[in-house]
Structure formats: structure tokens, C-alpha cells
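Quick look at run22.cif (mmCIF, C-alpha atoms):
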```cif
data_protein
loop_
_atom_site.group_PDB
_atom_site.id
_atom_site.type_symbol
_atom_site.label_atom_id
_atom_site.label_comp_id
_atom_site.auth_asym_id
_atom_site.auth_seq_id
_atom_site.Cartn_x
_atom_site.Cartn_y
_atom_site.Cartn_z
ATOM 1 C CA MET P 22 -77.373 -31.936 12.918
ATOM 2 C CA ASN P 23 -78.203 -29.690 9.964
ATOM 3 C CA ARG P 24 -79.976 -26.387 10.579
ATOM 4 C CA GLU P 25 -81.629 -23.587 8.638
ATOM 5 C CA ILE P 26 -79.908 -20.228 9.072
ATOM 6 C CA THR P 27 -81.948 -17.119 8.270
ATOM 7 C CA ALA P 28 -80.781 -13.623 7.332
ATOM 8 C CA ALA P 29 -82.147 -12.342 10.656
ATOM 9 C CA MET P 30 -80.057 -14.901 12.533
ATOM 10 C CA LEU P 31 -76.957 -13.749 10.650
ATOM 11 C CA ASP P 32 -77.628 -10.144 11.662
ATOM 12 C CA ILE P 33 -77.631 -11.215 15.300
ATOM 13 C CA LEU P 34 -74.543 -13.394 14.876
ATOM 14 C CA ARG P 35 -72.509 -10.530 13.411
ATOM 15 C CA GLU P 36 -72.973 -8.627 16.645
ATOM 16 C CA GLN P 37 -72.435 -11.642 18.889
ATOM 17 C CA VAL P 38 -69.062 -12.589 17.418
ATOM 18 C CA ARG P 39 -67.639 -9.088 17.858
ATOM 19 C CA GLU P 40 -66.826 -9.718 21.538
ATOM 20 C CA TYR P 41 -64.702 -12.740 20.589
ATOM 21 C CA LEU P 42 -62.503 -10.801 18.153
ATOM 22 C CA THR P 43 -60.113 -7.886 18.016
ATOM 23 C CA GLU P 44 -61.268 -5.019 15.812
ATOM 24 C CA LYS P 45 -58.801 -6.010 13.100
ATOM 25 C CA ARG P 46 -59.924 -9.645 13.267
ATOM 26 C CA TYR P 47 -63.564 -8.547 13.204
ATOM 27 C CA ASP P 48 -62.973 -6.582 9.989
ATOM 28 C CA HIS P 49 -61.275 -9.642 8.523
ATOM 29 C CA THR P 50 -64.173 -11.839 9.603
ATOM 30 C CA LEU P 51 -66.768 -9.619 7.939
ATOM 31 C CA SER P 52 -64.676 -9.650 4.785
ATOM 32 C CA VAL P 53 -64.452 -13.449 4.860
ATOM 33 C CA GLU P 54 -68.231 -13.558 5.195
ATOM 34 C CA LYS P 55 -68.602 -11.320 2.150
ATOM 35 C CA GLU P 56 -66.173 -13.467 0.158
ATOM 36 C CA ALA P 57 -67.996 -16.626 1.226
ATOM 37 C CA GLY P 58 -71.187 -15.110 -0.156
ATOM 38 C CA ARG P 59 -69.513 -14.430 -3.498
ATOM 39 C CA LEU P 60 -68.180 -17.965 -3.679
ATOM 40 C CA ALA P 61 -71.532 -19.409 -2.647
ATOM 41 C CA ALA P 62 -73.149 -17.755 -5.659
ATOM 42 C CA LEU P 63 -70.744 -19.674 -7.907
ATOM 43 C CA PHE P 64 -70.823 -23.065 -6.234
ATOM 44 C CA LEU P 65 -73.419 -23.530 -3.486
ATOM 45 C CA PRO P 66 -76.121 -20.841 -3.683
ATOM 46 C CA ALA P 67 -78.561 -22.887 -1.588
ATOM 47 C CA GLU P 68 -76.051 -22.929 1.293
ATOM 48 C CA GLU P 69 -75.028 -19.276 1.237
ATOM 49 C CA ASN P 70 -76.258 -18.504 4.766
ATOM 50 C CA LEU P 71 -74.519 -21.580 6.152
ATOM 51 C CA LEU P 72 -71.283 -20.513 4.483
ATOM 52 C CA ARG P 73 -71.672 -17.008 5.865
ATOM 53 C CA THR P 74 -72.195 -18.529 9.304
ATOM 54 C CA ALA P 75 -68.993 -20.554 9.094
ATOM 55 C CA ALA P 76 -67.128 -17.451 7.963
ATOM 56 C CA LEU P 77 -68.407 -15.413 10.900
ATOM 57 C CA LEU P 78 -67.417 -18.091 13.412
ATOM 58 C CA HIS P 79 -64.172 -19.412 11.954
ATOM 59 C CA ASP P 80 -61.790 -17.305 14.064
ATOM 60 C CA ILE P 81 -63.635 -16.946 17.382
ATOM 61 C CA THR P 82 -60.713 -18.440 19.348
ATOM 62 C CA LYS P 83 -57.894 -16.971 17.265
ATOM 63 C CA ARG P 84 -57.020 -14.310 19.843
ATOM 64 C CA LEU P 85 -56.386 -16.866 22.615
ATOM 65 C CA ASN P 86 -52.822 -17.708 23.627
ATOM 66 C CA LEU P 87 -51.391 -21.223 23.685
ATOM 67 C CA GLU P 88 -52.264 -21.808 27.330
ATOM 68 C CA LYS P 89 -55.914 -20.969 26.755
ATOM 69 C CA GLN P 90 -56.023 -22.980 23.531
ATOM 70 C CA LEU P 91 -54.692 -26.013 25.371
ATOM 71 C CA GLN P 92 -57.219 -25.485 28.145
ATOM 72 C CA LEU P 93 -60.043 -25.508 25.613
ATOM 73 C CA CYS P 94 -58.629 -28.669 24.076
ATOM 74 C CA GLN P 95 -58.702 -30.276 27.502
ATOM 75 C CA ASN P 96 -62.223 -29.005 28.249
ATOM 76 C CA PHE P 97 -63.608 -30.336 24.982
ATOM 77 C CA ASP P 98 -61.550 -33.553 24.902
ATOM 78 C CA ILE P 99 -59.811 -32.443 21.704
ATOM 79 C CA ILE P 100 -56.901 -34.702 20.845
ATOM 80 C CA ILE P 101 -53.845 -32.779 19.656
ATOM 81 C CA SER P 102 -50.432 -33.886 18.472
ATOM 82 C CA ASN P 103 -47.018 -32.665 19.567
ATOM 83 C CA ASP P 104 -46.685 -31.010 16.171
ATOM 84 C CA GLU P 105 -49.820 -28.969 16.819
ATOM 85 C CA VAL P 106 -48.449 -27.765 20.142
ATOM 86 C CA LYS P 107 -45.358 -26.596 18.242
ATOM 87 C CA ALA P 108 -47.588 -24.833 15.706
ATOM 88 C CA PRO P 109 -50.242 -23.251 17.958
ATOM 89 C CA LYS P 110 -51.791 -21.203 15.139
ATOM 90 C CA LEU P 111 -53.397 -24.435 13.978
ATOM 91 C CA LEU P 112 -55.274 -25.012 17.219
ATOM 92 C CA HIS P 113 -57.864 -22.294 16.758
ATOM 93 C CA ALA P 114 -59.624 -24.216 13.987
ATOM 94 C CA LYS P 115 -60.286 -27.120 16.346
ATOM 95 C CA THR P 116 -61.150 -25.014 19.370
ATOM 96 C CA ALA P 117 -63.410 -22.659 17.420
ATOM 97 C CA ALA P 118 -65.425 -25.552 16.023
ATOM 98 C CA ALA P 119 -65.822 -26.956 19.528
ATOM 99 C CA LEU P 120 -66.758 -23.607 21.048
ATOM 100 C CA VAL P 121 -69.537 -23.050 18.505
ATOM 101 C CA SER P 122 -71.446 -26.021 19.880
ATOM 102 C CA ARG P 123 -71.299 -24.529 23.385
ATOM 103 C CA ASP P 124 -71.619 -20.785 22.790
ATOM 104 C CA PHE P 125 -73.597 -20.698 19.523
ATOM 105 C CA PRO P 126 -75.764 -23.850 19.562
ATOM 106 C CA LEU P 127 -78.306 -22.404 17.110
ATOM 107 C CA PHE P 128 -75.535 -22.249 14.507
ATOM 108 C CA ALA P 129 -73.922 -25.627 15.189
ATOM 109 C CA ASP P 130 -74.778 -27.144 11.821
ATOM 110 C CA SER P 131 -72.543 -30.054 10.895
ATOM 111 C CA ARG P 132 -71.420 -28.323 7.695
ATOM 112 C CA VAL P 133 -70.570 -25.142 9.570
ATOM 113 C CA LEU P 134 -68.511 -27.057 12.117
ATOM 114 C CA SER P 135 -66.534 -28.953 9.467
ATOM 115 C CA GLY P 136 -65.932 -25.757 7.507
ATOM 116 C CA ILE P 137 -64.472 -24.128 10.611
ATOM 117 C CA ARG P 138 -62.484 -27.217 11.558
ATOM 118 C CA TRP P 139 -60.630 -27.407 8.224
ATOM 119 C CA HIS P 140 -60.348 -23.735 7.243
ATOM 120 C CA THR P 141 -56.658 -23.476 8.145
ATOM 121 C CA THR P 142 -54.914 -26.687 7.084
ATOM 122 C CA GLY P 143 -57.367 -28.226 4.653
ATOM 123 C CA ARG P 144 -57.560 -32.005 4.434
ATOM 124 C CA ALA P 145 -57.735 -34.814 1.920
ATOM 125 C CA GLY P 146 -61.298 -35.272 0.723
ATOM 126 C CA MET P 147 -62.392 -31.713 1.472
ATOM 127 C CA SER P 148 -66.044 -31.047 0.738
ATOM 128 C CA LEU P 149 -67.022 -28.180 -1.528
ATOM 129 C CA PHE P 150 -68.393 -26.370 1.528
ATOM 130 C CA GLU P 151 -65.094 -26.753 3.406
ATOM 131 C CA SER P 152 -63.151 -25.594 0.351
ATOM 132 C CA ILE P 153 -65.217 -22.419 0.068
ATOM 133 C CA VAL P 154 -64.654 -21.496 3.724
ATOM 134 C CA TYR P 155 -60.923 -22.165 3.357
ATOM 135 C CA LEU P 156 -60.640 -20.121 0.162
ATOM 136 C CA ALA P 157 -62.775 -17.242 1.423
ATOM 137 C CA ASP P 158 -60.420 -16.906 4.381
ATOM 138 C CA TYR P 159 -57.399 -16.890 2.076
ATOM 139 C CA ILE P 160 -58.513 -14.439 -0.605
ATOM 140 C CA GLU P 161 -60.828 -11.994 1.188
ATOM 141 C CA SER P 162 -60.226 -8.421 0.103
ATOM 142 C CA THR P 163 -58.469 -7.071 3.218
ATOM 143 C CA ARG P 164 -55.629 -9.593 2.862
ATOM 144 C CA THR P 165 -52.542 -7.745 1.612
ATOM 145 C CA PHE P 166 -49.902 -10.485 1.864
ATOM 146 C CA ASP P 167 -48.330 -11.165 -1.524
ATOM 147 C CA ASP P 168 -49.566 -14.758 -1.687
ATOM 148 C CA CYS P 169 -53.124 -13.704 -0.834
ATOM 149 C CA VAL P 170 -53.124 -11.014 -3.507
ATOM 150 C CA ILE P 171 -51.702 -13.403 -6.104
ATOM 151 C CA LEU P 172 -54.193 -16.144 -5.252
ATOM 152 C CA ARG P 173 -57.132 -13.736 -5.244
ATOM 153 C CA ARG P 174 -56.162 -12.439 -8.677
ATOM 154 C CA PHE P 175 -55.537 -15.956 -9.996
ATOM 155 C CA PHE P 176 -58.977 -17.148 -8.960
ATOM 156 C CA TRP P 177 -61.137 -14.213 -10.010
ATOM 157 C CA GLU P 178 -59.392 -13.567 -13.312
ATOM 158 C CA LYS P 179 -60.091 -17.163 -14.307
ATOM 159 C CA MET P 180 -63.685 -17.155 -13.093
ATOM 160 C CA PRO P 181 -66.074 -15.331 -15.451
ATOM 161 C CA GLN P 182 -69.704 -15.820 -14.489
ATOM 162 C CA THR P 183 -70.482 -17.489 -17.822
ATOM 163 C CA LEU P 184 -68.418 -20.602 -17.095
ATOM 164 C CA ASP P 185 -70.266 -23.874 -16.653
ATOM 165 C CA PHE P 186 -70.123 -25.568 -13.259
ATOM 166 C CA ASP P 187 -67.520 -28.192 -14.209
ATOM 167 C CA SER P 188 -65.190 -25.468 -15.471
ATOM 168 C CA ARG P 189 -65.674 -23.531 -12.247
ATOM 169 C CA MET P 190 -64.791 -26.627 -10.259
ATOM 170 C CA GLU P 191 -61.602 -27.080 -12.257
ATOM 171 C CA ILE P 192 -60.555 -23.500 -11.520
ATOM 172 C CA LEU P 193 -61.337 -24.075 -7.855
ATOM 173 C CA ARG P 194 -59.160 -27.191 -7.897
ATOM 174 C CA GLN P 195 -56.273 -25.312 -9.480
ATOM 175 C CA THR P 196 -56.659 -22.489 -6.967
ATOM 176 C CA MET P 197 -56.662 -24.847 -4.007
ATOM 177 C CA VAL P 198 -53.485 -26.558 -5.220
ATOM 178 C CA LEU P 199 -51.787 -23.191 -5.661
ATOM 179 C CA SER P 200 -52.863 -22.114 -2.184
ATOM 180 C CA PHE P 201 -51.308 -25.191 -0.603
ATOM 181 C CA ASP P 202 -48.144 -24.723 -2.667
ATOM 182 C CA MET P 203 -47.888 -21.167 -1.343
ATOM 183 C CA THR P 204 -48.523 -22.202 2.248
ATOM 184 C CA ILE P 205 -46.000 -25.025 2.169
ATOM 185 C CA ARG P 206 -43.385 -22.847 0.488
ATOM 186 C CA GLN P 207 -43.808 -20.149 3.146
ATOM 187 C CA LEU P 208 -43.583 -22.635 6.000
ATOM 188 C CA LEU P 209 -40.428 -24.137 4.533
ATOM 189 C CA ALA P 210 -38.912 -20.669 4.188
ATOM 190 C CA GLU P 211 -39.648 -20.040 7.875
ATOM 191 C CA GLY P 212 -38.227 -23.391 8.924
ATOM 192 C CA ALA P 213 -41.636 -24.213 10.385
ATOM 193 C CA LEU P 214 -43.488 -27.493 10.592
ATOM 194 C CA VAL P 215 -45.748 -28.357 7.668
ATOM 195 C CA ASP P 216 -48.955 -29.936 8.882
ATOM 196 C CA ARG P 217 -49.600 -33.383 7.444
ATOM 197 C CA ASP P 218 -53.205 -32.478 6.624
ATOM 198 C CA THR P 219 -51.987 -29.676 4.369
ATOM 199 C CA ILE P 220 -49.699 -31.981 2.429
ATOM 200 C CA GLU P 221 -52.455 -34.561 2.076
ATOM 201 C CA ALA P 222 -54.911 -31.876 0.980
ATOM 202 C CA ARG P 223 -52.541 -30.687 -1.749
ATOM 203 C CA ASN P 224 -52.010 -34.191 -3.023
ATOM 204 C CA TRP P 225 -55.728 -34.912 -3.007
ATOM 205 C CA PHE P 226 -56.573 -31.771 -4.986
ATOM 206 C CA LEU P 227 -54.001 -32.787 -7.601
ATOM 207 C CA SER P 228 -56.253 -35.735 -8.448
ATOM 208 C CA PRO P 229 -58.395 -35.121 -11.530
ATOM 209 C CA ALA P 230 -61.185 -37.070 -9.821
ATOM 210 C CA LEU P 231 -62.251 -34.024 -7.754
#
```
Kindly return the structure encoded in the file as C-alpha cells.
Amino acid sequence: MNREITAAMLDILREQVREYLTEKRYDHTLSVEKEAGRLAALFLPAEENLLRTAALLHDITKRLNLEKQLQLCQNFDIIISNDEVKAPKLLHAKTAAALVSRDFPLFADSRVLSGIRWHTTGRAGMSLFESIVYLADYIESTRTFDDCVILRRFFWEKMPQTLDFDSRMEILRQTMVLSFDMTIRQLLAEGALVDRDTIEARNWFLSPAL
């Protein structure tokens, strides 16, 4: 179901999500919301409030440990793989999307839910909405990891406001590919599992048909 999200609703949501987050995660969340608004102005201005909503809700289960994540998966009939159990940081995208429908039904727009669901791994065939949520999470201004700083600079230095929409989309495509390259490289360096969705997302964004 698609819903209209008003500025007044967002004001309420900002306060509601605070109890689900640590203070540090709350600051990050507000910064992701701000970044999503900036990206919306470039790509999807009519859906800015929906993008802000997804940003505010994307990490509402991030603080939960593996046991609680698995319990939510069981409660919401979320199917998970053995690989996901071995990489529990991936679970919060699925559990957060599910929890929104229960705890924040007024905000359970289908676009919001998909943006939350794919904000960590990405996927082949990502929508523009999903891509904006993913990128806003990666490049928001409080991120100080080297890869985040590099990607943030890469994107904004290439993105003057005067560019036409097709040129903006090409820069977005390049940025998404670079983000997946960085993620995969880091996971390999850690000896960690690389989620299949991330690999498929990278390969999909390499297609000039985007």
C-alpha cells in the first residue's frame, strides 16, 4: 500500500524512533534523513517525505543482538539463510522492514519498506528509491570511515546541480558500483562472507541499461 507522508507526520516520527536507537545511532539516523532529502532533490523530489521516512526507520532493529534478531525473524516468518546467521549485521534490514508494519503502520508504504529492506546489501534491479536510501546511509555526513569519506566526495564532486537527469543517473550508477566494490573489498580483507545480493547488485549496476 502506498501512503502520503506529511511534514507533521515526520516530526512525530523523529521522536518515536528515538526509543529504538542508541544516541549515536539516532544522530546517524537524522543525518541519513538529511542526506536522503538532498538526494531526493536531485532524483525524486515528489517522494522526498517517503525517502525521509525510510531513512528514519532503516535502523530501528540495529541495536538488537543475534538472539533477538532471530526471534523477530521467527515472529514475522522471515526466511533467512545460514549465511545470514553467520553475518548477523545483515538481519536488521529484514527485521526493521517487518517491524515497521507492526509498530509504525501509518508509515508502512511499500516503497519505504523496500528501501529499508535493501539498504544494507543492495540487490539486482534496485529501484531509484532503494538506491537513494542505500546511498544516503553510506555517505551521510557523520560517517568518518575512509570508504564513506571517499564515496561521499566522489559523488558530490561529480554532481553539480546543473547536470541533466540522465547525467545524474550515470553518476549515481558509477557511485553505486564503487560502493559495492568498497564493501566487497572490505569484507574480503576481513575474511567475511560476501552476501550474494551485494555481488548481484554490483553486477547489475555495471549494466549500461540502468
Exactly which residues make up the result of the PyMOL selection byres ((chain P and resi 58) around 12) on this file, given as number ranges by chain? P: 51-57, 59-77, 150, 153-154, 156-158, 161
For Arg24 (chain P), which residue out of P:Phe175, P:Phe128, P:Tyr41, P:Phe97 is the nearest one, using all atoms listed in the file?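 Ranking P:Phe175, P:Phe128, P:Tyr41, P:Phe97 by distance to Arg24 (chain P), first place goes to P:Phe128.
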Here's the selection I'm unsure about, the PyMOL selection byres ((chain P and resi 135) around 10); applied to the file above, which residues does it give, as a list of chain:residue names?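 For this structure, the PyMOL selection byres ((chain P and resi 135) around 10) captures P:Ala75, P:Ala114, P:Lys115, P:Ala118, P:Ala129, P:Asp130, P:Ser131, P:Arg132, P:Val133, P:Leu134, P:Gly136, P:Ile137, P:Arg138, P:Trp139, P:His140, P:Met147, P:Ser148, P:Phe150, P:Glu151, P:Val154.
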Output file for the selection above: C-alpha atoms, as a PDB file, in the frame of the given file:
```pdb
ATOM      1  CA  ALA P  75     -68.993 -20.554   9.094  1.00  0.00           C
ATOM      2  CA  ALA P 114     -59.624 -24.216  13.987  1.00  0.00           C
ATOM      3  CA  LYS P 115     -60.286 -27.120  16.346  1.00  0.00           C
ATOM      4  CA  ALA P 118     -65.425 -25.552  16.023  1.00  0.00           C
ATOM      5  CA  ALA P 129     -73.922 -25.627  15.189  1.00  0.00           C
ATOM      6  CA  ASP P 130     -74.778 -27.144  11.821  1.00  0.00           C
ATOM      7  CA  SER P 131     -72.543 -30.054  10.895  1.00  0.00           C
ATOM      8  CA  ARG P 132     -71.420 -28.323   7.695  1.00  0.00           C
ATOM      9  CA  VAL P 133     -70.570 -25.142   9.570  1.00  0.00           C
ATOM     10  CA  LEU P 134     -68.511 -27.057  12.117  1.00  0.00           C
ATOM     11  CA  GLY P 136     -65.932 -25.757   7.507  1.00  0.00           C
ATOM     12  CA  ILE P 137     -64.472 -24.128  10.611  1.00  0.00           C
ATOM     13  CA  ARG P 138     -62.484 -27.217  11.558  1.00  0.00           C
ATOM     14  CA  TRP P 139     -60.630 -27.407   8.224  1.00  0.00           C
ATOM     15  CA  HIS P 140     -60.348 -23.735   7.243  1.00  0.00           C
ATOM     16  CA  MET P 147     -62.392 -31.713   1.472  1.00  0.00           C
ATOM     17  CA  SER P 148     -66.044 -31.047   0.738  1.00  0.00           C
ATOM     18  CA  PHE P 150     -68.393 -26.370   1.528  1.00  0.00           C
ATOM     19  CA  GLU P 151     -65.094 -26.753   3.406  1.00  0.00           C
ATOM     20  CA  VAL P 154     -64.654 -21.496   3.724  1.00  0.00           C
TER      21      VAL P 154
END
```
Which residues would end up in the selection if the PyMOL selection byres ((chain P and resi 80) around 8) were applied here, given that I need the answer as a PyMOL selection string? chain P and resi 42+46+50+77-79+81-83+113-114+117
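Shortest separation to Met203 (chain P) among P:Tyr47, P:Tyr159, P:Phe125, P:Trp177 occurs at residue P:Tyr159, atoms counted being only C-alpha atoms.
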As an exercise, work out the distance from CA of Leu209 (chain P) to CA of Gly146 (chain P) in Å and give it to one decimal place.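 CA of Gly146 (chain P) lies at a distance of 24.0 Å from CA of Leu209 (chain P).
Using all atoms listed in the file, the smallest distance between any of P:Ile26, P:Asn103, P:Arg217, P:Cys94 and Pro126 (chain P) comes from P:Ile26.
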Contacts of Leu87 (chain P) within 9 Å, only C-alpha atoms, excl. fewer than 4 positions in-chain, as an MDAnalysis selection string: chainID P and resid 91:92 106 109:110 112
At a cut-off of 8 Å, using only C-alpha atoms, what residues contact Arg223 (chain P)? Leave out same-chain residues fewer than 2 positions from it and give the result as a PDB file with C-alpha atoms, in the frame of the given file.
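Contents of around12.pdb, freshly written:
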```pdb
ATOM      1  CA  ALA P 145     -57.735 -34.814   1.920  1.00  0.00           C
ATOM      2  CA  MET P 197     -56.662 -24.847  -4.007  1.00  0.00           C
ATOM      3  CA  VAL P 198     -53.485 -26.558  -5.220  1.00  0.00           C
ATOM      4  CA  PHE P 201     -51.308 -25.191  -0.603  1.00  0.00           C
ATOM      5  CA  ASP P 202     -48.144 -24.723  -2.667  1.00  0.00           C
ATOM      6  CA  THR P 219     -51.987 -29.676   4.369  1.00  0.00           C
ATOM      7  CA  ILE P 220     -49.699 -31.981   2.429  1.00  0.00           C
ATOM      8  CA  GLU P 221     -52.455 -34.561   2.076  1.00  0.00           C
ATOM      9  CA  TRP P 225     -55.728 -34.912  -3.007  1.00  0.00           C
ATOM     10  CA  PHE P 226     -56.573 -31.771  -4.986  1.00  0.00           C
ATOM     11  CA  LEU P 227     -54.001 -32.787  -7.601  1.00  0.00           C
TER      12      LEU P 227
END
```
If you measure from CA of Glu40 (chain P) to CA of Asp124 (chain P), what distance in Å do you get, rounded to one decimal? 12.1 Å
Can you pull out every residue within 10 Å of Ser200 (chain P), counting all atoms listed in the file, but drop anything in the same chain fewer than 6 positions away, and send it as a PyMOL selection string? chain P and resi 155-156+159-160+168-169+171-173+194+206+223
What's around Phe176 (chain P) at 8 Å? Count only C-alpha atoms, leave out sequence neighbours fewer than 2 positions away in its own chain, and write the answer as a list of chain:residue names. P:Leu172, P:Arg173, P:Arg174, P:Glu178, P:Lys179, P:Met180, P:Ile192, P:Leu193, P:Thr196
For the residues in that selection, give me C-alpha atoms as a compact mmCIF listing (two decimals), in the coordinates of the input.
```
# COMPACT_ATOMS: atom_id res chain seq x y z
CA LEU P 172 -54.19 -16.14 -5.25
CA ARG P 173 -57.13 -13.74 -5.24
CA ARG P 174 -56.16 -12.44 -8.68
CA GLU P 178 -59.39 -13.57 -13.31
CA LYS P 179 -60.09 -17.16 -14.31
CA MET P 180 -63.68 -17.16 -13.09
CA ILE P 192 -60.56 -23.50 -11.52
CA LEU P 193 -61.34 -24.08 -7.86
CA THR P 196 -56.66 -22.49 -6.97
```
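In this structure, CA of Ala29 (chain P) sits 28.8 Å away from CA of Leu85 (chain P).
The smallest atom-to-atom distance between Ala222 (chain P) and any of P:Ser152, P:Thr163, P:Ser188, P:Gln207, using all atoms listed in the file, is found for P:Ser152.
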Kindly compute an axis-aligned box around the listed atoms of region 161-172 of chain P, allowing 5 Å on each side, and express its centre and edge lengths in Å to one decimal as JSON.
```
{"center_x": -54.6, "center_y": -11.6, "center_z": -1.4, "size_x": 22.5, "size_y": 19.1, "size_z": 19.3}
```
